[in-house]
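Engineer: Okay, so here is final_10.txt, and as you'll see once you scroll down, it has compact mmCIF, C-alpha atoms.
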# COMPACT_ATOMS: atom_id res chain seq x y z
CA MET A 1 15.78 -30.06 -22.64
CA GLY A 2 13.10 -32.14 -20.89
CA GLY A 3 10.63 -31.99 -18.08
CA TRP A 4 7.82 -30.29 -20.00
CA GLU A 5 4.34 -31.51 -19.08
CA GLY A 6 1.27 -31.25 -21.28
CA ARG A 7 -2.38 -32.00 -20.74
CA LYS A 8 -3.37 -35.01 -18.64
CA GLY A 9 -3.33 -38.07 -20.85
CA GLY A 10 -0.86 -36.39 -23.19
CA LYS A 11 2.41 -35.70 -21.39
CA VAL A 12 5.53 -34.63 -23.22
CA ALA A 13 8.99 -36.02 -22.53
CA SER A 14 7.70 -38.40 -19.85
CA ALA A 15 9.72 -41.30 -18.45
CA SER A 16 7.18 -43.87 -19.67
CA GLN A 17 7.51 -42.63 -23.24
CA LEU A 18 11.28 -42.92 -23.10
CA LEU A 19 10.96 -46.53 -21.91
CA ASN A 20 8.63 -47.32 -24.81
CA LEU A 21 11.04 -46.06 -27.46
CA SER A 22 13.03 -48.65 -29.38
CA THR A 23 16.79 -48.98 -28.90
CA SER A 24 17.46 -47.28 -32.23
CA GLN A 25 15.12 -44.41 -31.39
CA LEU A 26 16.79 -43.90 -28.02
CA LEU A 27 20.20 -43.92 -29.67
CA ILE A 28 19.15 -41.25 -32.15
CA LEU A 29 17.69 -39.11 -29.38
CA LEU A 30 20.78 -39.55 -27.19
CA LEU A 31 23.08 -38.50 -30.01
CA LEU A 32 21.01 -35.40 -30.61
CA LEU A 33 20.98 -34.53 -26.92
CA VAL A 34 24.75 -34.89 -26.70
CA GLY A 35 25.17 -32.84 -29.84
CA CYS A 36 23.17 -29.90 -28.49
CA ALA A 37 24.10 -30.13 -24.82
CA SER A 38 27.05 -27.84 -25.26
CA ALA A 39 25.22 -25.39 -27.51
CA PRO A 40 24.91 -22.07 -25.72
CA LEU A 41 21.52 -20.48 -25.19
CA ILE A 42 20.80 -17.75 -27.69
CA GLU A 43 20.79 -14.52 -25.74
CA GLU A 44 18.18 -11.87 -26.40
CA PRO A 45 19.64 -8.64 -27.76
CA SER A 46 19.13 -5.60 -25.59
CA SER A 47 15.98 -3.77 -26.65
CA ASN A 48 16.00 -0.21 -27.94
CA ILE A 49 12.21 0.05 -27.71
CA ILE A 50 11.60 2.59 -24.95
CA TRP A 51 9.02 5.09 -23.73
CA PRO A 52 9.05 8.03 -23.80
CA LYS A 53 11.26 8.70 -26.78
CA PRO A 54 14.42 10.84 -26.55
CA PRO A 55 15.18 13.51 -25.54
CA ASP A 56 12.85 12.64 -22.63
CA LYS A 57 14.21 10.32 -19.98
CA ALA A 58 13.34 6.67 -20.71
CA ARG A 59 11.01 5.08 -18.16
CA ILE A 60 9.76 1.88 -19.83
CA ARG A 61 11.81 -0.58 -21.89
CA PHE A 62 10.48 -3.54 -23.87
CA LEU A 63 12.33 -6.72 -22.85
CA LYS A 64 10.84 -9.75 -24.61
CA SER A 65 7.76 -11.49 -25.90
CA ILE A 66 6.66 -14.98 -24.81
CA SER A 67 4.28 -16.87 -27.07
CA ASN A 68 5.58 -20.43 -26.73
CA SER A 69 8.17 -22.52 -24.93
CA GLU A 70 10.74 -21.90 -27.67
CA ASP A 71 10.82 -18.24 -26.62
CA ILE A 72 12.24 -19.53 -23.32
CA VAL A 73 14.27 -22.59 -24.33
CA LYS A 74 16.47 -21.77 -27.32
CA THR A 75 19.49 -23.71 -28.53
CA LYS A 76 21.34 -23.70 -31.83
CA HIS A 77 19.97 -27.15 -32.60
CA GLY A 78 16.62 -26.74 -30.87
CA GLY A 79 14.64 -26.93 -34.10
CA TRP A 80 16.21 -30.29 -35.07
CA LEU A 81 15.68 -31.69 -31.60
CA LYS A 82 12.06 -30.61 -31.50
CA LYS A 83 11.34 -32.11 -34.93
CA THR A 84 13.10 -35.37 -34.01
CA TRP A 85 11.24 -35.71 -30.72
CA THR A 86 7.93 -35.08 -32.52
CA PHE A 87 8.86 -37.71 -35.14
CA LEU A 88 9.81 -40.34 -32.53
CA THR A 89 6.92 -39.79 -30.08
CA GLY A 90 4.22 -38.25 -32.23
CA GLU A 91 3.95 -35.33 -29.79
CA SER A 92 5.29 -31.80 -29.73
CA ALA A 93 7.59 -30.46 -27.03
CA GLU A 94 6.44 -26.92 -27.73
CA LYS A 95 3.88 -25.27 -25.44
CA VAL A 96 1.97 -22.52 -27.24
CA LEU A 97 -0.16 -19.70 -25.84
CA VAL A 98 -3.45 -19.16 -27.64
CA ALA A 99 -5.51 -16.69 -25.60
CA PRO A 100 -3.52 -15.64 -22.51
CA TYR A 101 -5.70 -13.67 -20.11
CA GLY A 102 -4.21 -13.72 -16.61
CA VAL A 103 -0.52 -13.48 -15.73
CA THR A 104 1.55 -13.49 -12.54
CA ALA A 105 5.15 -14.15 -11.48
CA ASP A 106 6.99 -15.40 -8.39
CA THR A 107 10.38 -14.54 -6.90
CA GLU A 108 12.13 -17.50 -8.58
CA GLY A 109 11.74 -16.36 -12.19
CA ASN A 110 8.55 -18.33 -12.90
CA VAL A 111 5.88 -16.62 -15.01
CA TYR A 112 2.42 -18.23 -14.79
CA VAL A 113 -0.18 -17.62 -17.49
CA ALA A 114 -3.88 -18.53 -17.50
CA ASP A 115 -4.87 -19.34 -21.09
CA ARG A 116 -8.56 -18.89 -21.82
CA ASP A 117 -8.67 -21.08 -24.94
CA THR A 118 -6.42 -24.01 -24.06
CA ARG A 119 -7.74 -23.91 -20.44
CA GLU A 120 -4.20 -24.55 -19.26
CA ILE A 121 -1.92 -22.84 -16.78
CA PHE A 122 1.47 -22.29 -18.40
CA SER A 123 4.69 -21.80 -16.47
CA PHE A 124 7.78 -20.27 -18.10
CA ASN A 125 10.98 -19.83 -16.09
CA LEU A 126 13.07 -16.95 -17.39
CA GLN A 127 16.13 -18.04 -15.36
CA THR A 128 16.30 -21.82 -15.88
CA ARG A 129 14.59 -21.61 -19.31
CA LYS A 130 12.19 -24.44 -18.51
CA SER A 131 8.52 -24.66 -19.39
CA TYR A 132 5.55 -26.80 -18.37
CA SER A 133 1.76 -26.62 -18.16
CA PHE A 134 -1.15 -28.16 -16.29
CA PHE A 135 -4.91 -27.79 -16.21
CA PHE A 136 -7.90 -28.45 -13.97
CA GLU A 137 -10.42 -31.02 -15.16
CA THR A 138 -14.00 -29.79 -14.90
CA GLU A 139 -17.33 -31.11 -16.13
CA ASP A 140 -18.24 -27.61 -17.32
CA LEU A 141 -17.12 -27.69 -20.97
CA GLU A 142 -17.42 -23.90 -21.19
CA ASP A 143 -15.12 -23.29 -18.23
CA TYR A 144 -11.68 -21.72 -18.48
CA PRO A 145 -9.18 -19.97 -16.21
CA ILE A 146 -9.22 -16.17 -15.99
CA GLY A 147 -7.44 -14.72 -12.95
CA ILE A 148 -4.18 -16.02 -11.52
CA VAL A 149 -1.87 -15.03 -8.66
CA ILE A 150 0.82 -16.80 -6.68
CA ALA A 151 2.00 -16.81 -3.07
CA GLU A 152 3.20 -20.16 -1.73
CA ASP A 153 0.40 -21.71 -3.80
CA ILE A 154 -1.20 -20.71 -7.11
CA TYR A 155 -4.73 -19.27 -7.05
CA VAL A 156 -6.81 -19.48 -10.24
CA THR A 157 -10.39 -18.39 -10.90
CA TYR A 158 -12.81 -20.34 -13.11
CA PRO A 159 -15.80 -18.05 -13.75
CA ASN A 160 -18.29 -20.38 -15.40
CA SER A 161 -18.08 -23.11 -12.75
CA VAL A 162 -18.08 -20.34 -10.11
CA ARG A 163 -15.00 -21.33 -8.15
CA ALA A 164 -11.38 -20.62 -7.47
CA ILE A 165 -8.85 -23.45 -7.39
CA ILE A 166 -5.74 -23.50 -5.22
CA PHE A 167 -2.84 -25.42 -6.81
CA ASN A 168 0.63 -26.14 -5.50
CA LYS A 169 3.58 -25.31 -7.74
CA ASN A 170 3.49 -28.84 -9.22
CA GLY A 171 -0.02 -28.25 -10.52
CA LYS A 172 -1.77 -30.44 -7.94
CA VAL A 173 -5.08 -29.23 -6.48
CA VAL A 174 -4.74 -28.18 -2.83
CA ASN A 175 -8.22 -26.78 -2.20
CA GLU A 176 -11.28 -25.40 -3.92
CA ILE A 177 -13.22 -22.23 -3.13
CA GLY A 178 -16.73 -22.96 -4.34
CA LYS A 179 -20.41 -22.42 -3.72
CA ASP A 180 -20.04 -22.01 0.04
CA ALA A 181 -18.22 -18.75 -0.71
CA ASP A 182 -21.37 -17.35 -2.43
CA LEU A 183 -19.46 -16.41 -5.57
CA LYS A 184 -21.42 -15.40 -8.68
CA ARG A 185 -18.61 -14.94 -11.22
CA PRO A 186 -15.05 -14.92 -9.84
CA THR A 187 -12.52 -13.18 -12.07
CA GLY A 188 -9.55 -11.16 -10.76
CA VAL A 189 -7.41 -12.36 -7.84
CA ALA A 190 -4.70 -10.80 -5.69
CA VAL A 191 -2.74 -11.82 -2.61
CA ASN A 192 -1.46 -9.90 0.42
CA ALA A 193 1.01 -12.50 1.70
CA ALA A 194 2.03 -10.42 4.73
CA LYS A 195 -1.57 -10.30 5.98
CA GLY A 196 -2.41 -13.79 4.72
CA LEU A 197 -5.25 -12.48 2.53
CA LEU A 198 -6.60 -13.62 -0.82
CA TYR A 199 -8.89 -11.22 -2.69
CA VAL A 200 -11.32 -12.35 -5.39
CA ALA A 201 -13.29 -9.99 -7.62
CA ASP A 202 -16.87 -11.24 -7.91
CA THR A 203 -17.88 -9.50 -11.12
CA LEU A 204 -21.59 -10.33 -11.14
CA GLY A 205 -21.81 -9.78 -7.39
CA HIS A 206 -20.25 -6.31 -7.78
CA GLU A 207 -18.04 -6.87 -4.74
CA ILE A 208 -14.63 -8.04 -3.59
CA LYS A 209 -14.42 -11.09 -1.33
CA ALA A 210 -11.49 -11.72 1.01
CA PHE A 211 -10.33 -15.17 2.16
CA ASP A 212 -7.42 -16.51 4.12
CA LEU A 213 -4.78 -18.28 2.02
CA SER A 214 -6.41 -21.66 2.63
CA GLY A 215 -9.70 -20.41 1.15
CA LYS A 216 -11.69 -19.63 4.30
CA PRO A 217 -14.10 -16.67 3.78
CA LEU A 218 -13.25 -13.62 5.90
CA PHE A 219 -15.01 -10.44 4.72
CA THR A 220 -16.53 -8.66 1.72
CA PHE A 221 -16.51 -5.05 0.56
CA GLY A 222 -18.36 -3.09 -2.11
CA LYS A 223 -21.80 -3.20 -3.71
CA ARG A 224 -23.30 -2.17 -7.03
CA GLY A 225 -23.24 1.56 -7.75
CA ASP A 226 -21.08 4.41 -8.95
CA LYS A 227 -20.21 6.11 -5.66
CA ASP A 228 -16.84 5.81 -3.93
CA GLY A 229 -16.37 2.21 -2.79
CA GLU A 230 -19.11 0.90 -5.09
CA PHE A 231 -18.61 -1.16 -8.24
CA ASN A 232 -20.10 -1.79 -11.65
CA TYR A 233 -18.63 -5.13 -12.75
CA PRO A 234 -15.21 -5.21 -11.04
CA THR A 235 -12.72 -7.43 -12.84
CA HIS A 236 -8.95 -7.20 -12.22
CA LEU A 237 -7.11 -6.82 -8.90
CA PHE A 238 -3.63 -6.04 -7.63
CA ALA A 239 -2.32 -5.95 -4.05
CA ALA A 240 0.62 -3.54 -3.69
CA LYS A 241 3.51 -4.09 -1.27
CA ASP A 242 2.09 -1.41 1.09
CA GLY A 243 -1.15 -3.41 1.35
CA THR A 244 -3.26 -1.18 -0.90
CA VAL A 245 -5.74 -3.16 -3.01
CA TYR A 246 -6.39 -1.82 -6.51
CA VAL A 247 -9.64 -2.77 -8.26
CA THR A 248 -10.53 -2.31 -11.93
CA ASP A 249 -14.10 -1.01 -11.71
CA GLU A 250 -14.62 -1.77 -15.37
CA LEU A 251 -18.01 -0.35 -16.27
CA ASN A 252 -17.50 2.68 -14.05
CA PHE A 253 -14.34 3.18 -16.18
CA ARG A 254 -12.03 3.73 -13.23
CA ILE A 255 -9.57 2.20 -10.81
CA GLN A 256 -10.42 2.27 -7.10
CA ALA A 257 -7.93 1.79 -4.27
CA PHE A 258 -8.68 0.37 -0.82
CA THR A 259 -6.91 -0.46 2.41
CA TYR A 260 -6.16 -4.13 3.00
CA ASP A 261 -9.41 -4.44 4.97
CA GLY A 262 -11.61 -2.81 2.32
CA LYS A 263 -11.81 0.90 3.23
CA PHE A 264 -11.95 3.25 0.24
CA LEU A 265 -8.83 5.38 -0.35
CA PHE A 266 -8.96 7.03 -3.78
CA LYS A 267 -9.93 6.56 -7.43
CA ILE A 268 -8.23 7.11 -10.79
CA GLY A 269 -9.70 7.78 -14.22
CA LYS A 270 -13.07 8.07 -15.92
CA GLY A 271 -14.63 7.01 -19.20
CA GLY A 272 -13.34 8.54 -22.42
CA THR A 273 -11.13 8.13 -25.47
CA VAL A 274 -8.31 10.58 -24.70
CA PRO A 275 -5.19 9.95 -22.60
CA GLY A 276 -6.03 9.86 -18.91
CA THR A 277 -9.42 8.24 -19.53
CA PHE A 278 -10.47 4.62 -20.12
CA GLU A 279 -12.44 2.84 -22.82
CA SER A 280 -12.14 -0.69 -21.40
CA PRO A 281 -9.81 -0.89 -18.38
CA LYS A 282 -8.51 -4.38 -17.62
CA GLY A 283 -5.28 -5.31 -15.82
CA VAL A 284 -3.98 -3.06 -13.05
CA ALA A 285 -0.60 -3.20 -11.28
CA VAL A 286 1.73 -0.99 -9.22
CA ASP A 287 5.52 -0.62 -9.39
CA SER A 288 7.95 -0.22 -6.49
CA GLU A 289 7.54 3.56 -6.50
CA GLY A 290 3.75 3.46 -6.29
CA ASN A 291 3.00 4.28 -9.94
CA VAL A 292 -0.29 2.74 -11.09
CA TYR A 293 -0.41 0.95 -14.47
CA VAL A 294 -3.71 0.26 -16.24
CA ALA A 295 -4.13 -1.82 -19.42
CA ASP A 296 -6.91 -0.55 -21.71
CA ALA A 297 -8.13 -3.35 -23.98
CA MET A 298 -9.92 -1.05 -26.40
CA ALA A 299 -7.12 1.50 -26.69
CA ASP A 300 -4.40 -1.21 -26.93
CA SER A 301 -2.23 0.71 -24.52
CA VAL A 302 -1.05 0.92 -20.93
CA GLN A 303 -1.40 4.18 -19.00
CA VAL A 304 0.69 5.05 -15.96
CA PHE A 305 -0.61 7.32 -13.19
CA ASN A 306 0.57 8.56 -9.81
CA ARG A 307 -1.60 8.03 -6.74
CA GLU A 308 -3.18 11.45 -7.24
CA GLY A 309 -4.49 10.29 -10.62
CA LYS A 310 -2.13 12.38 -12.74
CA LEU A 311 -1.24 10.72 -16.04
CA LEU A 312 2.53 10.25 -16.21
CA LEU A 313 3.00 8.20 -19.36
CA PHE A 314 1.32 5.82 -21.75
CA PHE A 315 2.88 3.16 -23.94
CA GLY A 316 1.88 0.56 -26.51
CA GLY A 317 -0.42 1.04 -29.49
CA SER A 318 -2.39 -1.24 -31.79
CA GLY A 319 -0.48 -3.91 -33.70
CA SER A 320 1.48 -7.14 -33.40
CA GLY A 321 5.02 -5.78 -33.25
CA ASP A 322 7.18 -5.65 -30.13
CA GLY A 323 5.61 -3.27 -27.64
CA GLN A 324 2.27 -3.18 -29.46
CA PHE A 325 -0.98 -4.77 -28.25
CA ASP A 326 -4.19 -6.35 -29.44
CA GLY A 327 -6.51 -6.53 -26.45
CA PRO A 328 -4.16 -6.30 -23.43
CA ALA A 329 -5.80 -8.03 -20.47
CA GLY A 330 -4.15 -9.23 -17.24
CA MET A 331 -1.04 -7.52 -15.89
CA PHE A 332 1.47 -8.09 -13.08
CA ILE A 333 4.56 -6.24 -11.82
CA ASP A 334 7.17 -8.21 -9.87
CA LYS A 335 9.60 -7.10 -7.15
CA ASP A 336 12.20 -6.13 -9.77
CA ASP A 337 9.74 -3.86 -11.59
CA ARG A 338 9.34 -6.20 -14.54
CA ILE A 339 5.93 -5.64 -16.11
CA TYR A 340 4.10 -8.68 -17.52
CA ILE A 341 1.11 -8.06 -19.81
CA ALA A 342 -1.18 -10.71 -21.30
CA ASP A 343 -1.51 -9.61 -24.93
CA LEU A 344 -4.71 -11.57 -25.52
CA TYR A 345 -5.32 -11.51 -29.28
CA ASN A 346 -1.61 -11.54 -30.14
CA SER A 347 -1.38 -14.86 -28.23
CA ARG A 348 1.59 -13.81 -26.11
CA VAL A 349 2.82 -12.26 -22.90
CA GLN A 350 4.99 -9.18 -23.28
CA VAL A 351 7.58 -8.25 -20.67
CA PHE A 352 8.72 -4.69 -20.00
CA GLN A 353 11.03 -3.06 -17.46
CA TYR A 354 10.33 0.04 -15.40
CA LEU A 355 13.61 1.96 -15.47
CA LYS A 356 13.67 3.04 -11.86
CA GLY A 357 16.33 5.62 -11.12
CA GLU A 358 17.94 5.33 -14.55
As structure tokens, what does this structure read like?
Structural biologist:
Amino acid sequence: MGGWEGRKGGKVASASQLLNLSTSQLLILLLLLVGCASAPLIEEPSSNIIWPKPPDKARIRFLKSISNSEDIVKTKHGGWLKKTWTFLTGESAEKVLVAPYGVTADTEGNVYVADRDTREIFSFNLQTRKSYSFFFETEDLEDYPIGIVIAEDIYVTYPNSVRAIIFNKNGKVVNEIGKDADLKRPTGVAVNAAKGLLYVADTLGHEIKAFDLSGKPLFTFGKRGDKDGEFNYPTHLFAAKDGTVYVTDELNFRIQAFTYDGKFLFKIGKGGTVPGTFESPKGVAVDSEGNVYVADAMADSVQVFNREGKLLLFFGGSGSGDGQFDGPAGMFIDKDDRIYIADLYNSRVQVFQYLKGE
């Protein structure tokens, strides 16, 4: 019920606020807490939204949509409790996504979202059903988080102030990767935990920079161009479990794959408006069987390829219903083949399941 944090200077459900409530207010709140403590969480019904449609074998299933903390924490009396807390404290316990752009997940059920408009990092735990948020104070009023990935720490890029911030899981700043890294506009991020490598896409530098997990610069690969291993505004990144690094080479309308140390392997896609081509490729991710997923922000869909570049499937479509998109951006696939997609203009993250072996 508690433990949600808001922006600095405006925390929700904090201990100091509880102490400042009057005895009568505390009594009302306590009675409400007791009344809803035994209320079971409302379980999500199993989704029948799948791709492809029968009689073909289903490969992708829609699971849920996350637009605010109430999509995670649901009780029978949650609405009354939320309204009462807002009445007593003057603040809302609900955390709402506005323009989610980057998304990642850890092994403990935490989903982290970088919100471009609120400038916050949101955390939603699908197992414990808890939610909180934090943000990084910067003097650049136009700055906002874009890319996000997690290992032991959380790595977030801030393009306008030209830096990447390393947070711990409590939202405290651990380190900053700044001007000494010669970044021009950091956007996408990915981590190879086994090799201890952090990758940052430098969009205006047309290259990928590699650091150790503490932020020390190690090496760089790529340059501007359209040949193999060259980039034209690279944006999103994903590091697969086999070490392969996938780069969205946005204005070359393709995905390029590299070894962990930056050697070119293969490419997927080209510009176009038909399936198998890209209009505006954004998030890229890979499932446990090596299938490559690419979100196309203009086509409002996700396309799935094998490593040879053959189109296997596409799902989505324009709209605001379950399984539809309006400007899909960042994407992440976890160890259980759950697919998280930042549905930017629908102000939500959608979660899907790859039906491996089903």
Engineer: May I have the residues within 9 Å of range 55-61 of chain A as number ranges by chain, using all atoms listed in the file and disregarding those fewer than 2 positions away in the same chain?
Structural biologist: A: 47-53, 63, 313, 315, 323, 351-358
Engineer: Would you compute the distance between CA of Asp261 in chain A and CA of Asn168 in chain A? Give it in Å to one decimal.
Structural biologist: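 Computing it gives 26.1 Å between the two atoms.
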Engineer: Pick from A:Ala297, A:Glu137, A:Asn306, A:Tyr144: nearest to Asp115 in chain A, with all atoms listed in the file counted?
Structural biologist: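 Once distances to Asp115 in chain A are computed over all atoms listed in the file, the minimum belongs to A:Tyr144.
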Engineer: Do you know which residues are at most 9 Å from Ala285 in chain A counting all atoms listed in the file, after dropping those on the same chain fewer than 5 positions away, and could you put them as a ChimeraX atom specification?
Structural biologist: /A:237-240,246,291-295,331-333,339
Engineer: Tell me, in Å to one decimal, how far CA of Gly196 in chain A is from CA of Lys263 in chain A.
Structural biologist: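 Taking CA of Gly196 in chain A as the start and CA of Lys263 in chain A as the end point, the length is 17.5 Å.
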Engineer: List the spatial neighbours of range 264-276 of chain A as a ChimeraX atom specification - criterion: any atom at most 10 Å away, only C-alpha atoms, same-chain residues fewer than 2 positions off excluded.
Structural biologist: /A:221-222,228-230,244-262,278-281,292,294,298-299,301,303-314
Engineer: Could you save those same residues with C-alpha atoms as an mmCIF file, in the coordinates of the input?
Structural biologist:
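And here is the file that came out, selection-v8.cif:
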data_model
loop_
_atom_site.group_PDB
_atom_site.id
_atom_site.type_symbol
_atom_site.label_atom_id
_atom_site.label_comp_id
_atom_site.auth_asym_id
_atom_site.auth_seq_id
_atom_site.Cartn_x
_atom_site.Cartn_y
_atom_site.Cartn_z
ATOM 1 C CA PHE A 221 -16.510 -5.050 0.560
ATOM 2 C CA GLY A 222 -18.360 -3.090 -2.110
ATOM 3 C CA ASP A 228 -16.840 5.810 -3.930
ATOM 4 C CA GLY A 229 -16.370 2.210 -2.790
ATOM 5 C CA GLU A 230 -19.110 0.900 -5.090
ATOM 6 C CA THR A 244 -3.260 -1.180 -0.900
ATOM 7 C CA VAL A 245 -5.740 -3.160 -3.010
ATOM 8 C CA TYR A 246 -6.390 -1.820 -6.510
ATOM 9 C CA VAL A 247 -9.640 -2.770 -8.260
ATOM 10 C CA THR A 248 -10.530 -2.310 -11.930
ATOM 11 C CA ASP A 249 -14.100 -1.010 -11.710
ATOM 12 C CA GLU A 250 -14.620 -1.770 -15.370
ATOM 13 C CA LEU A 251 -18.010 -0.350 -16.270
ATOM 14 C CA ASN A 252 -17.500 2.680 -14.050
ATOM 15 C CA PHE A 253 -14.340 3.180 -16.180
ATOM 16 C CA ARG A 254 -12.030 3.730 -13.230
ATOM 17 C CA ILE A 255 -9.570 2.200 -10.810
ATOM 18 C CA GLN A 256 -10.420 2.270 -7.100
ATOM 19 C CA ALA A 257 -7.930 1.790 -4.270
ATOM 20 C CA PHE A 258 -8.680 0.370 -0.820
ATOM 21 C CA THR A 259 -6.910 -0.460 2.410
ATOM 22 C CA TYR A 260 -6.160 -4.130 3.000
ATOM 23 C CA ASP A 261 -9.410 -4.440 4.970
ATOM 24 C CA GLY A 262 -11.610 -2.810 2.320
ATOM 25 C CA PHE A 278 -10.470 4.620 -20.120
ATOM 26 C CA GLU A 279 -12.440 2.840 -22.820
ATOM 27 C CA SER A 280 -12.140 -0.690 -21.400
ATOM 28 C CA PRO A 281 -9.810 -0.890 -18.380
ATOM 29 C CA VAL A 292 -0.290 2.740 -11.090
ATOM 30 C CA VAL A 294 -3.710 0.260 -16.240
ATOM 31 C CA MET A 298 -9.920 -1.050 -26.400
ATOM 32 C CA ALA A 299 -7.120 1.500 -26.690
ATOM 33 C CA SER A 301 -2.230 0.710 -24.520
ATOM 34 C CA GLN A 303 -1.400 4.180 -19.000
ATOM 35 C CA VAL A 304 0.690 5.050 -15.960
ATOM 36 C CA PHE A 305 -0.610 7.320 -13.190
ATOM 37 C CA ASN A 306 0.570 8.560 -9.810
ATOM 38 C CA ARG A 307 -1.600 8.030 -6.740
ATOM 39 C CA GLU A 308 -3.180 11.450 -7.240
ATOM 40 C CA GLY A 309 -4.490 10.290 -10.620
ATOM 41 C CA LYS A 310 -2.130 12.380 -12.740
ATOM 42 C CA LEU A 311 -1.240 10.720 -16.040
ATOM 43 C CA LEU A 312 2.530 10.250 -16.210
ATOM 44 C CA LEU A 313 3.000 8.200 -19.360
ATOM 45 C CA PHE A 314 1.320 5.820 -21.750
#
Engineer: Between A:Ile66, A:Ile146, A:Val173, A:Leu218, which residue has the minimum interatomic distance to Pro186 in chain A, considering only C-alpha atoms?
Structural biologist: A:Ile146
Engineer: Identify which of the residues A:Tyr340, A:Phe136, A:Phe325, A:Tyr101 lies closest to Lys64 in chain A, counting only C-alpha atoms when measuring atom-to-atom distances.
Structural biologist: A:Tyr340
Engineer: Just checking: using all atoms listed in the file, which residue out of A:Arg163, A:Arg119, A:Tyr112, A:Arg129 ends up closest to Glu70 in chain A?
Structural biologist: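 Using all atoms listed in the file, Glu70 in chain A sits closest to A:Arg129.
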Engineer: Between A:Asn125, A:Gly109, A:Asp226, A:Leu97, single out the one closest to Ile72 in chain A, counting only C-alpha atoms.
Structural biologist: A:Asn125
Engineer: Would you work out the distance separating CA of Val98 in chain A from CA of Phe167 in chain A, expressed in Å to one decimal?
Structural biologist: 21.8 Å
Engineer: Which residue out of A:Ile121, A:Val189, A:Ser133, A:Gly225 has the minimum interatomic distance to Tyr155 in chain A when only C-alpha atoms are used?
Structural biologist: A:Val189
Engineer: For Gly171 in chain A, work out the shell of residues within 12 Å, counting all atoms listed in the file and skipping chain neighbours fewer than 5 positions away, then give it as a list in words.
Structural biologist: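 The filter keeps Glu5, Gly6, Arg7, Lys8, Tyr112, Glu120, Ile121, Phe122, Ser123, Tyr132, Ser133, Phe134, Phe135, Phe136, Glu137, Asp153, Ile154, Tyr155, Val156, Ile165 and Ile166 of chain A.
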Engineer: Report as a ChimeraX atom specification all protein, DNA and RNA residues lying within 12 Å of Gly319 in chain A, evaluated on all atoms listed in the file, omitting residues in the same chain fewer than 3 positions from it.
Structural biologist: /A:299-301,316,322-328,343-346
Engineer: Please write as a list in words the list of polymer residues whose atoms come within 9 Å of (5.9, -17.4, -28.2), counting only C-alpha atoms and keeping to the coordinates of the file.
Structural biologist: Ser65, Ile66, Ser67, Asn68, Ser69, Glu70, Asp71, Ile72, Lys95, Val96, Leu97, Ser347, Arg348 and Val349 of chain A
Engineer: Output range 241-253 of chain A as a short mmCIF file (atom, residue, chain, number, x, y, z; two decimals), in the coordinates of the input, making sure N, CA and C atoms are there.
Structural biologist:
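Printed below is result.cif as written:
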data_model
loop_
_atom_site.label_atom_id
_atom_site.label_comp_id
_atom_site.auth_asym_id
_atom_site.auth_seq_id
_atom_site.Cartn_x
_atom_site.Cartn_y
_atom_site.Cartn_z
N LYS A 241 2.68 -3.69 -2.41
CA LYS A 241 3.51 -4.09 -1.27
C LYS A 241 3.14 -3.34 0.00
N ASP A 242 2.52 -2.15 -0.11
CA ASP A 242 2.09 -1.41 1.09
C ASP A 242 0.72 -1.86 1.59
N GLY A 243 0.14 -2.87 0.93
CA GLY A 243 -1.15 -3.41 1.35
C GLY A 243 -2.34 -2.84 0.61
N THR A 244 -2.14 -1.77 -0.16
CA THR A 244 -3.26 -1.18 -0.90
C THR A 244 -3.78 -2.15 -1.96
N VAL A 245 -5.10 -2.28 -2.03
CA VAL A 245 -5.74 -3.16 -3.01
C VAL A 245 -6.33 -2.29 -4.12
N TYR A 246 -5.91 -2.56 -5.35
CA TYR A 246 -6.39 -1.82 -6.51
C TYR A 246 -7.40 -2.67 -7.27
N VAL A 247 -8.54 -2.06 -7.60
CA VAL A 247 -9.64 -2.77 -8.26
C VAL A 247 -9.99 -2.07 -9.57
N THR A 248 -10.02 -2.84 -10.66
CA THR A 248 -10.53 -2.31 -11.93
C THR A 248 -12.05 -2.35 -11.89
N ASP A 249 -12.65 -1.17 -11.75
CA ASP A 249 -14.10 -1.01 -11.71
C ASP A 249 -14.54 -0.76 -13.15
N GLU A 250 -14.66 -1.86 -13.91
CA GLU A 250 -14.62 -1.77 -15.37
C GLU A 250 -15.70 -0.89 -15.98
N LEU A 251 -16.95 -1.11 -15.61
CA LEU A 251 -18.01 -0.35 -16.27
C LEU A 251 -18.32 0.97 -15.57
N ASN A 252 -17.57 1.30 -14.53
CA ASN A 252 -17.50 2.68 -14.05
C ASN A 252 -16.27 3.37 -14.62
N PHE A 253 -15.50 2.64 -15.45
CA PHE A 253 -14.34 3.18 -16.18
C PHE A 253 -13.34 3.87 -15.25
#
